[in-house]
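Here's the structure we're looking at; comments come further down.
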Amino acid sequence: MPYDTKHLLKWENEKSIWVAGTTRSPFTKRDIENFISESEKDIYSTKQLRKMICTQPSGKKNSTPVGCIDLFDFDEKNRRAGIGILISEKKYRGKGYASEALEIMTTYCFEILLLHQLYCDIAETNSNSLDLFKRHGFKITGTKKKWILTGKKYIDVYQLQLIYRG
């Protein structure tokens, strides 16, 4: 949606969250518009899906976008995908938005997309995300030692997986 462009542009260019991904340079408005255009296509063709997280259901008055939830590296053959969540500003964190989005997305992945597993990588320093994913049944299955350089120090990254048991 064009309305989402300004939010995604701000969030994607927030350098403090780049540690969670592979971003190393700012995005332009055109980059974001192209990404949104691509995201309107089917997950089977783009291998990714991004949904906005809002304070109210879509179309409701006073609904504010607070973040997004992503599926990436969608692998139809092996029935798995990576998953990531961003809640943009601290004032919206700890209010249940990420938890609700993760619950909805995992249900969608297992019941609609018929995935076998979801996975994510979380920096050892991101205790809030580690706690969130663990509460939703994700298990730490590995550690990437000294994986991310932050300033002059390397930190470990945990790989977590949720295997469908339905």
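Residues are named by chain letter and number: chains run A, B, ... in the order of the structure tokens, numbers start at 1 in each chain, and ligands are numbered from 1 in the order shown.
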
Could you give me, as a compact mmCIF listing (two decimals) with C-alpha atoms, in the first residue's frame, the residues within 8 Å of range 137-149 of chain A, counting only C-alpha atoms and dropping anything in the same chain fewer than 4 positions from it?
# COMPACT_ATOMS: atom_id res chain seq x y z
CA VAL A 19 22.15 -5.21 13.55
CA TYR A 119 13.06 -20.41 11.71
CA ALA A 123 21.18 -11.77 18.36
CA PHE A 133 9.84 -16.54 20.15
CA LYS A 153 32.75 -6.40 19.44
CA TYR A 154 31.32 -9.55 17.86
CA ILE A 155 28.14 -11.07 19.28
CA ASP A 156 26.61 -14.51 18.90
CA VAL A 157 23.35 -15.16 17.08
CA TYR A 158 20.96 -17.93 18.03
CA GLN A 159 19.05 -19.89 15.43
CA LEU A 160 15.56 -20.84 16.57
CA GLN A 161 13.11 -23.23 14.94
CA LEU A 162 9.48 -24.10 15.36
CA ILE A 163 8.56 -27.50 13.93

Practice item. Counting only C-alpha atoms, figure out which residue out of A:Lys134, A:Ser45, A:Thr64, A:His116 gets nearest to Arg80 in chain A. Key: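 The shortest atom-to-atom distance to Arg80 in chain A comes from A:His116.
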
Study note, to complete from the structure: re CA of Lys95 in chain A and CA of Thr55 in chain A: distance 9.7 Å

Review point. Which neighbours of Tyr92 in chain A fall inside 10 Å, counting only C-alpha atoms, when residues of the same chain fewer than 6 positions from it are skipped, and could you give them as an NGL selection string?
Key: :A and (54-55 or 65-67 or 98)

For the residues in that selection, give me C-alpha atoms as a short mmCIF file (atom, residue, chain, number, x, y, z; two decimals), in the first residue's frame.
data_model
loop_
_atom_site.label_atom_id
_atom_site.label_comp_id
_atom_site.auth_asym_id
_atom_site.auth_seq_id
_atom_site.Cartn_x
_atom_site.Cartn_y
_atom_site.Cartn_z
CA CYS A 54 -1.23 -2.01 13.47
CA THR A 55 -2.80 -0.86 16.73
CA PRO A 65 1.16 1.05 11.96
CA VAL A 66 3.60 -0.05 14.67
CA GLY A 67 5.71 -2.59 12.84
CA ALA A 98 4.37 -8.75 18.24
#

Check your understanding: Got a sec: who's within 12 Å of Cys109 in chain A, counting only C-alpha atoms, leaving out chain neighbours fewer than 3 positions off, as a PyMOL selection string?
Key -> chain A and resi 43+49+70-72+74-76+79-83+102-106+112-119+162-164+166

Those selected residues, please, written with C-alpha atoms and delivered as a JSON list (two decimals), in the first residue's frame.
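New file part01.json:
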[["chain", "number", "residue", "atom", "x", "y", "z"],
["A", 43, "ILE", "CA", 4.42, -15.66, -1.90],
["A", 49, "LEU", "CA", 5.60, -11.95, 2.51],
["A", 70, "ASP", "CA", 7.99, -10.94, 7.50],
["A", 71, "LEU", "CA", 8.28, -14.36, 5.96],
["A", 72, "PHE", "CA", 11.41, -14.75, 3.85],
["A", 74, "PHE", "CA", 10.06, -19.28, 1.54],
["A", 75, "ASP", "CA", 10.97, -22.82, 0.48],
["A", 76, "GLU", "CA", 7.92, -24.58, -0.94],
["A", 79, "ARG", "CA", 8.01, -26.48, 3.45],
["A", 80, "ARG", "CA", 9.87, -23.91, 5.56],
["A", 81, "ALA", "CA", 10.39, -20.16, 5.82],
["A", 82, "GLY", "CA", 12.28, -17.63, 7.87],
["A", 83, "ILE", "CA", 10.27, -15.25, 10.02],
["A", 102, "LEU", "CA", 3.46, -14.03, 15.60],
["A", 103, "GLU", "CA", 0.48, -16.16, 16.65],
["A", 104, "ILE", "CA", -1.52, -15.17, 13.56],
["A", 105, "MET", "CA", 1.43, -15.70, 11.21],
["A", 106, "THR", "CA", 2.43, -19.09, 12.61],
["A", 112, "ILE", "CA", -2.79, -22.40, 5.15],
["A", 113, "LEU", "CA", 0.71, -22.62, 3.63],
["A", 114, "LEU", "CA", 1.15, -26.11, 5.16],
["A", 115, "LEU", "CA", 4.71, -25.39, 6.22],
["A", 116, "HIS", "CA", 6.64, -27.90, 8.28],
["A", 117, "GLN", "CA", 8.84, -25.37, 10.07],
["A", 118, "LEU", "CA", 9.66, -21.73, 10.70],
["A", 119, "TYR", "CA", 13.06, -20.41, 11.71],
["A", 162, "LEU", "CA", 9.48, -24.10, 15.36],
["A", 163, "ILE", "CA", 8.56, -27.50, 13.93],
["A", 164, "TYR", "CA", 4.87, -28.07, 13.20],
["A", 166, "GLY", "CA", -0.20, -30.71, 14.13]]

Check your understanding: With only C-alpha atoms as the basis for distance, which of A:Gly151, A:Arg165, A:His136, A:Ser129 is at the shortest distance from Arg93 in chain A?
Key ->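 The answer is A:Ser129, which sits nearest to Arg93 in chain A.
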
Review point. How many Å separate CA of Met52 in chain A from CA of Tyr108 in chain A?
Key: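 We find that CA of Met52 in chain A and CA of Tyr108 in chain A lie 14.9 Å from each other.
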
Review point. Residues of range 50-155 of chain A in strand (DSSP E) according to DSSP, as an NGL selection string?
Key: :A and (50-54 or 65-75 or 80-87 or 117-123 or 139-150 or 153-155)

Output N, CA and C atoms for every residue in that selection, as a compact mmCIF listing (two decimals), in the first residue's frame.
# COMPACT_ATOMS: atom_id res chain seq x y z
N ARG A 50 5.31 -9.80 3.57
CA ARG A 50 5.41 -8.82 4.67
C ARG A 50 4.01 -8.31 4.96
N LYS A 51 3.67 -8.29 6.24
CA LYS A 51 2.39 -7.75 6.69
C LYS A 51 2.65 -6.68 7.73
N MET A 52 1.87 -5.62 7.66
CA MET A 52 1.99 -4.54 8.63
C MET A 52 1.29 -4.94 9.93
N ILE A 53 1.84 -4.50 11.04
CA ILE A 53 1.23 -4.69 12.35
C ILE A 53 0.70 -3.33 12.78
N CYS A 54 -0.59 -3.27 13.12
CA CYS A 54 -1.23 -2.01 13.47
C CYS A 54 -1.89 -2.09 14.84
N PRO A 65 0.17 2.10 12.22
CA PRO A 65 1.16 1.05 11.96
C PRO A 65 2.27 1.13 13.00
N VAL A 66 2.58 -0.02 13.62
CA VAL A 66 3.60 -0.05 14.67
C VAL A 66 4.77 -0.96 14.31
N GLY A 67 4.64 -1.68 13.23
CA GLY A 67 5.71 -2.59 12.84
C GLY A 67 5.28 -3.50 11.70
N CYS A 68 6.07 -4.55 11.50
CA CYS A 68 5.74 -5.49 10.45
C CYS A 68 6.27 -6.88 10.82
N ILE A 69 5.70 -7.87 10.16
CA ILE A 69 6.13 -9.25 10.33
C ILE A 69 6.41 -9.79 8.94
N ASP A 70 7.53 -10.48 8.80
CA ASP A 70 7.99 -10.94 7.50
C ASP A 70 8.17 -12.45 7.46
N LEU A 71 7.83 -13.02 6.33
CA LEU A 71 8.28 -14.36 5.96
C LEU A 71 9.29 -14.15 4.85
N PHE A 72 10.39 -14.88 4.88
CA PHE A 72 11.41 -14.75 3.85
C PHE A 72 12.02 -16.12 3.58
N ASP A 73 12.77 -16.22 2.52
CA ASP A 73 13.38 -17.50 2.12
C ASP A 73 12.34 -18.62 2.11
N PHE A 74 11.14 -18.30 1.63
CA PHE A 74 10.06 -19.28 1.54
C PHE A 74 10.51 -20.43 0.64
N ASP A 75 10.50 -21.62 1.18
CA ASP A 75 10.97 -22.82 0.48
C ASP A 75 9.81 -23.80 0.39
N ARG A 80 9.35 -24.72 4.46
CA ARG A 80 9.87 -23.91 5.56
C ARG A 80 10.03 -22.46 5.10
N ALA A 81 10.15 -21.58 6.09
CA ALA A 81 10.39 -20.16 5.82
C ALA A 81 11.03 -19.53 7.04
N GLY A 82 11.77 -18.46 6.79
CA GLY A 82 12.28 -17.63 7.87
C GLY A 82 11.19 -16.66 8.29
N ILE A 83 11.26 -16.20 9.52
CA ILE A 83 10.27 -15.25 10.02
C ILE A 83 10.98 -14.19 10.86
N GLY A 84 10.52 -12.97 10.74
CA GLY A 84 11.09 -11.86 11.51
C GLY A 84 10.01 -10.86 11.87
N ILE A 85 10.24 -10.16 12.96
CA ILE A 85 9.28 -9.16 13.45
C ILE A 85 10.01 -7.89 13.82
N LEU A 86 9.39 -6.77 13.51
CA LEU A 86 9.89 -5.47 13.95
C LEU A 86 8.74 -4.69 14.57
N ILE A 87 8.91 -4.24 15.78
CA ILE A 87 8.00 -3.24 16.37
C ILE A 87 8.83 -1.96 16.40
N GLN A 117 8.09 -26.07 9.04
CA GLN A 117 8.84 -25.37 10.07
C GLN A 117 9.06 -23.90 9.72
N LEU A 118 9.26 -23.13 10.79
CA LEU A 118 9.66 -21.73 10.70
C LEU A 118 10.98 -21.60 11.45
N TYR A 119 11.79 -20.63 11.02
CA TYR A 119 13.06 -20.41 11.71
C TYR A 119 13.35 -18.92 11.76
N CYS A 120 14.23 -18.56 12.69
CA CYS A 120 14.68 -17.17 12.78
C CYS A 120 16.05 -17.13 13.42
N ASP A 121 16.76 -16.06 13.19
CA ASP A 121 18.06 -15.80 13.81
C ASP A 121 17.89 -14.57 14.70
N ILE A 122 18.33 -14.69 15.96
CA ILE A 122 18.17 -13.59 16.91
C ILE A 122 19.49 -13.37 17.64
N ALA A 123 19.94 -12.13 17.66
CA ALA A 123 21.18 -11.77 18.36
C ALA A 123 21.04 -12.08 19.85
N LYS A 139 12.44 -23.09 19.58
CA LYS A 139 13.55 -23.64 20.36
C LYS A 139 14.87 -23.21 19.74
N ILE A 140 15.84 -22.92 20.60
CA ILE A 140 17.19 -22.62 20.11
C ILE A 140 17.79 -23.93 19.62
N THR A 141 18.21 -23.94 18.35
CA THR A 141 18.77 -25.16 17.77
C THR A 141 20.23 -25.00 17.36
N GLY A 142 20.75 -23.79 17.51
CA GLY A 142 22.14 -23.58 17.17
C GLY A 142 22.61 -22.18 17.53
N THR A 143 23.92 -22.03 17.52
CA THR A 143 24.52 -20.73 17.81
C THR A 143 25.55 -20.42 16.74
N LYS A 144 25.43 -19.25 16.16
CA LYS A 144 26.43 -18.76 15.22
C LYS A 144 27.38 -17.89 16.03
N LYS A 145 28.54 -18.40 16.31
CA LYS A 145 29.50 -17.74 17.18
C LYS A 145 30.10 -16.49 16.53
N LYS A 146 30.15 -15.43 17.32
CA LYS A 146 30.76 -14.16 16.89
C LYS A 146 30.29 -13.80 15.47
N TRP A 147 28.99 -13.79 15.28
CA TRP A 147 28.37 -13.66 13.96
C TRP A 147 28.18 -12.22 13.49
N ILE A 148 27.89 -11.33 14.44
CA ILE A 148 27.59 -9.93 14.07
C ILE A 148 28.58 -9.00 14.76
N LEU A 149 29.14 -8.10 13.97
CA LEU A 149 30.04 -7.09 14.50
C LEU A 149 29.22 -5.87 14.90
N THR A 150 29.30 -5.52 16.19
CA THR A 150 28.63 -4.32 16.69
C THR A 150 29.70 -3.43 17.30
N LYS A 153 32.98 -5.12 18.80
CA LYS A 153 32.75 -6.40 19.44
C LYS A 153 31.84 -7.29 18.59
N TYR A 154 32.17 -8.58 18.54
CA TYR A 154 31.32 -9.55 17.86
C TYR A 154 30.36 -10.16 18.88
N ILE A 155 29.13 -10.41 18.42
CA ILE A 155 28.14 -11.07 19.28
C ILE A 155 27.64 -12.33 18.59
